[in-house]
file structure07.cif (mmCIF, C-alpha atoms)
data_data
loop_
_atom_site.group_PDB
_atom_site.id
_atom_site.type_symbol
_atom_site.label_atom_id
_atom_site.label_comp_id
_atom_site.auth_asym_id
_atom_site.auth_seq_id
_atom_site.Cartn_x
_atom_site.Cartn_y
_atom_site.Cartn_z
ATOM 1 C CA MET A 5 -9.128 2.707 7.252
ATOM 2 C CA TYR A 6 -6.097 3.645 5.201
ATOM 3 C CA TYR A 7 -3.898 0.588 4.593
ATOM 4 C CA SER A 8 -1.118 -0.169 2.133
ATOM 5 C CA LEU A 9 2.378 -1.603 2.072
ATOM 6 C CA VAL A 10 3.731 1.827 3.023
ATOM 7 C CA GLY A 11 0.915 2.686 5.450
ATOM 8 C CA ARG A 12 0.459 -0.196 7.841
ATOM 9 C CA GLY A 13 -0.665 1.634 10.986
ATOM 10 C CA LEU A 14 -3.819 -0.417 11.498
ATOM 11 C CA GLU A 15 -1.765 -3.567 12.143
ATOM 12 C CA HIS A 16 -0.725 -2.404 15.605
ATOM 13 C CA GLU A 17 -4.137 -2.423 17.283
ATOM 14 C CA PHE A 18 -7.039 -2.724 14.896
ATOM 15 C CA GLN A 19 -6.059 -5.853 12.976
ATOM 16 C CA SER A 20 -5.694 -8.091 16.031
ATOM 17 C CA PHE A 21 -8.946 -6.702 17.486
ATOM 18 C CA ALA A 22 -10.794 -7.411 14.242
ATOM 19 C CA GLU A 23 -9.359 -10.916 13.986
ATOM 20 C CA TYR A 24 -10.240 -11.722 17.608
ATOM 21 C CA HIS A 25 -13.838 -10.563 17.133
ATOM 22 C CA ASN A 26 -14.113 -12.007 13.622
ATOM 23 C CA ILE A 27 -14.969 -8.697 11.972
ATOM 24 C CA GLY A 28 -13.645 -7.211 8.757
ATOM 25 C CA ILE A 29 -11.877 -3.907 8.238
ATOM 26 C CA PRO A 30 -12.813 -1.976 5.082
ATOM 27 C CA VAL A 31 -9.676 -0.295 3.738
ATOM 28 C CA TRP A 32 -8.951 2.509 1.277
ATOM 29 C CA SER A 33 -5.979 3.635 -0.807
ATOM 30 C CA ALA A 34 -4.242 0.281 -1.114
ATOM 31 C CA LEU A 35 -2.028 1.913 -3.763
ATOM 32 C CA ALA A 36 -1.076 4.771 -1.389
ATOM 33 C CA GLY A 37 -2.638 7.431 -3.540
ATOM 34 C CA GLY A 38 -0.948 6.031 -6.637
ATOM 35 C CA PHE A 39 2.544 5.829 -5.144
ATOM 36 C CA LEU A 40 2.551 2.010 -5.388
ATOM 37 C CA SER A 41 0.991 1.881 -8.848
ATOM 38 C CA GLY A 42 4.343 1.774 -10.600
ATOM 39 C CA LYS A 43 3.210 4.580 -12.880
ATOM 40 C CA TYR A 44 5.596 7.191 -11.472
ATOM 41 C CA SER A 45 9.191 7.050 -10.276
ATOM 42 C CA ARG A 46 12.149 9.357 -9.690
ATOM 43 C CA ASN A 47 13.032 9.009 -13.367
ATOM 44 C CA ASN A 48 9.394 9.380 -14.478
ATOM 45 C CA PRO A 49 7.705 11.922 -12.154
ATOM 46 C CA ALA A 50 4.024 12.786 -12.294
ATOM 47 C CA PRO A 51 3.270 15.514 -14.842
ATOM 48 C CA VAL A 52 2.547 19.014 -13.573
ATOM 49 C CA GLY A 53 -1.153 19.559 -13.056
ATOM 50 C CA THR A 54 -1.962 15.950 -12.129
ATOM 51 C CA ARG A 55 -3.467 15.090 -8.754
ATOM 52 C CA PHE A 56 -0.417 13.068 -7.733
ATOM 53 C CA ALA A 57 1.977 15.912 -8.583
ATOM 54 C CA GLU A 58 -0.108 18.723 -7.088
ATOM 55 C CA ALA A 59 -1.524 17.105 -3.940
ATOM 56 C CA GLY A 60 1.811 15.823 -2.687
ATOM 57 C CA GLN A 61 1.762 13.176 -0.029
ATOM 58 C CA PHE A 62 -1.960 13.115 0.754
ATOM 59 C CA VAL A 63 -1.789 9.696 2.383
ATOM 60 C CA PRO A 64 0.698 9.027 5.180
ATOM 61 C CA PHE A 65 3.769 6.991 4.240
ATOM 62 C CA ASP A 66 5.990 5.144 6.653
ATOM 63 C CA GLY A 67 9.439 6.244 5.460
ATOM 64 C CA LYS A 68 10.977 2.962 6.623
ATOM 65 C CA ARG A 69 8.714 1.058 4.251
ATOM 66 C CA LEU A 70 9.549 2.946 1.069
ATOM 67 C CA ARG A 71 11.894 0.107 0.137
ATOM 68 C CA ASN A 72 8.731 -1.988 -0.246
ATOM 69 C CA ARG A 73 8.065 -0.182 -3.512
ATOM 70 C CA ARG A 74 11.281 -1.552 -5.010
ATOM 71 C CA CYS A 75 10.406 -4.982 -3.670
ATOM 72 C CA ILE A 76 6.949 -4.763 -5.258
ATOM 73 C CA GLU A 77 8.520 -3.876 -8.595
ATOM 74 C CA ARG A 78 10.844 -6.904 -8.415
ATOM 75 C CA VAL A 79 7.995 -9.262 -7.482
ATOM 76 C CA ALA A 80 5.826 -7.837 -10.264
ATOM 77 C CA LYS A 81 8.559 -8.365 -12.827
ATOM 78 C CA ARG A 82 9.146 -11.931 -11.640
ATOM 79 C CA HIS A 83 5.439 -12.763 -12.024
ATOM 80 C CA ASP A 84 4.818 -10.741 -15.179
ATOM 81 C CA ALA A 85 2.318 -8.531 -13.350
ATOM 82 C CA SER A 86 1.975 -4.830 -12.682
ATOM 83 C CA PRO A 87 3.203 -3.317 -9.394
ATOM 84 C CA ALA A 88 -0.389 -2.209 -8.747
ATOM 85 C CA ARG A 89 -1.620 -5.791 -9.003
ATOM 86 C CA VAL A 90 1.024 -6.989 -6.529
ATOM 87 C CA ALA A 91 0.235 -4.202 -4.031
ATOM 88 C CA LEU A 92 -3.500 -4.903 -4.259
ATOM 89 C CA ALA A 93 -3.013 -8.659 -3.898
ATOM 90 C CA TRP A 94 -0.919 -8.104 -0.775
ATOM 91 C CA VAL A 95 -3.600 -5.941 0.852
ATOM 92 C CA LEU A 96 -6.389 -8.350 -0.091
ATOM 93 C CA GLY A 97 -4.440 -11.248 1.398
ATOM 94 C CA ARG A 98 -4.022 -9.616 4.804
ATOM 95 C CA PRO A 99 -6.018 -10.944 7.766
ATOM 96 C CA ALA A 100 -9.232 -9.073 8.598
ATOM 97 C CA VAL A 101 -9.145 -6.926 5.431
ATOM 98 C CA ARG A 102 -12.467 -6.857 3.605
ATOM 99 C CA VAL A 103 -13.563 -5.154 0.427
#
call {"tool": "encode", "arguments": {"input": "structure07.cif", "output": "structure tokens"}}
result
Amino acid sequence: MYYSLVGRGLEHEFQSFAEYHNIGIPVWSALAGGFLSGKYSRNNPAPVGTRFAEAGQFVPFDGKRLRNRRCIERVAKRHDASPARVALAWVLGRPAVRV
């Protein structure tokens, strides 16, 4: 299932079901198609011709959670890590998520 800091739809029904039955949920696109990688920003957009620039929003984002990207960048800076590493660590630390 798709799951990231900006796409948390599985938490509403699937996560509690999986926890109750002690089963894991395999997830994909923890970096929201590259949006949470820290590679691109408003000041540094994806170059023309790249998948991120051409495909647009190919994974669903929760608009209310876009502020999480700024939070990830602050946490990454505080811990001398990349935003991608922080986003991946968050997903891997969630209950019922399996790789």
call {"tool": "residues_around", "arguments": {"input": "structure07.cif", "residues": "Pro87 (chain A)", "least_positions_apart": "3", "cutoff": "8 Å", "atoms": "only C-alpha atoms", "output": "list of chain:residue names"}}
result
A:Leu40, A:Ser41, A:Gly42, A:Ile76, A:Glu77, A:Val79, A:Ala80, A:Val90, A:Ala91
call {"tool": "atom_distance", "arguments": {"input": "structure07.cif", "atom1": "CA of Val31 (chain A)", "atom2": "CA of Leu14 (chain A)"}}
result
9.7 Å
call {"tool": "closest_residue", "arguments": {"input": "structure07.cif", "among": "A:Arg102, A:Asn72, A:Ala50, A:Ser20", "to": "Gly38 (chain A)", "atoms": "all atoms listed in the file"}}
result
A:Ala50
call {"tool": "resolve_selection", "arguments": {"input": "structure07.cif", "expression": "the PyMOL selection byres ((chain A and resi 101) around 12)", "output": "mmCIF file with C-alpha atoms, in the frame of the given file"}}
result
data_model
loop_
_atom_site.group_PDB
_atom_site.id
_atom_site.type_symbol
_atom_site.label_atom_id
_atom_site.label_comp_id
_atom_site.auth_asym_id
_atom_site.auth_seq_id
_atom_site.Cartn_x
_atom_site.Cartn_y
_atom_site.Cartn_z
ATOM 1 C CA MET A 5 -9.128 2.707 7.252
ATOM 2 C CA TYR A 6 -6.097 3.645 5.201
ATOM 3 C CA TYR A 7 -3.898 0.588 4.593
ATOM 4 C CA SER A 8 -1.118 -0.169 2.133
ATOM 5 C CA ARG A 12 0.459 -0.196 7.841
ATOM 6 C CA LEU A 14 -3.819 -0.417 11.498
ATOM 7 C CA GLU A 15 -1.765 -3.567 12.143
ATOM 8 C CA PHE A 18 -7.039 -2.724 14.896
ATOM 9 C CA GLN A 19 -6.059 -5.853 12.976
ATOM 10 C CA SER A 20 -5.694 -8.091 16.031
ATOM 11 C CA ALA A 22 -10.794 -7.411 14.242
ATOM 12 C CA GLU A 23 -9.359 -10.916 13.986
ATOM 13 C CA ASN A 26 -14.113 -12.007 13.622
ATOM 14 C CA ILE A 27 -14.969 -8.697 11.972
ATOM 15 C CA GLY A 28 -13.645 -7.211 8.757
ATOM 16 C CA ILE A 29 -11.877 -3.907 8.238
ATOM 17 C CA PRO A 30 -12.813 -1.976 5.082
ATOM 18 C CA VAL A 31 -9.676 -0.295 3.738
ATOM 19 C CA TRP A 32 -8.951 2.509 1.277
ATOM 20 C CA ALA A 34 -4.242 0.281 -1.114
ATOM 21 C CA LEU A 92 -3.500 -4.903 -4.259
ATOM 22 C CA ALA A 93 -3.013 -8.659 -3.898
ATOM 23 C CA TRP A 94 -0.919 -8.104 -0.775
ATOM 24 C CA VAL A 95 -3.600 -5.941 0.852
ATOM 25 C CA LEU A 96 -6.389 -8.350 -0.091
ATOM 26 C CA GLY A 97 -4.440 -11.248 1.398
ATOM 27 C CA ARG A 98 -4.022 -9.616 4.804
ATOM 28 C CA PRO A 99 -6.018 -10.944 7.766
ATOM 29 C CA ALA A 100 -9.232 -9.073 8.598
ATOM 30 C CA ARG A 102 -12.467 -6.857 3.605
ATOM 31 C CA VAL A 103 -13.563 -5.154 0.427
#
call {"tool": "axis_aligned_box", "arguments": {"input": "structure07.cif", "around": "region 16-34 of chain A", "padding_each_side": "8 Å", "output": "AutoDock Vina command-line options"}}
result
--center_x -7.8 --center_y -4.2 --center_z 8.2 --size_x 30.2 --size_y 31.6 --size_z 34.7
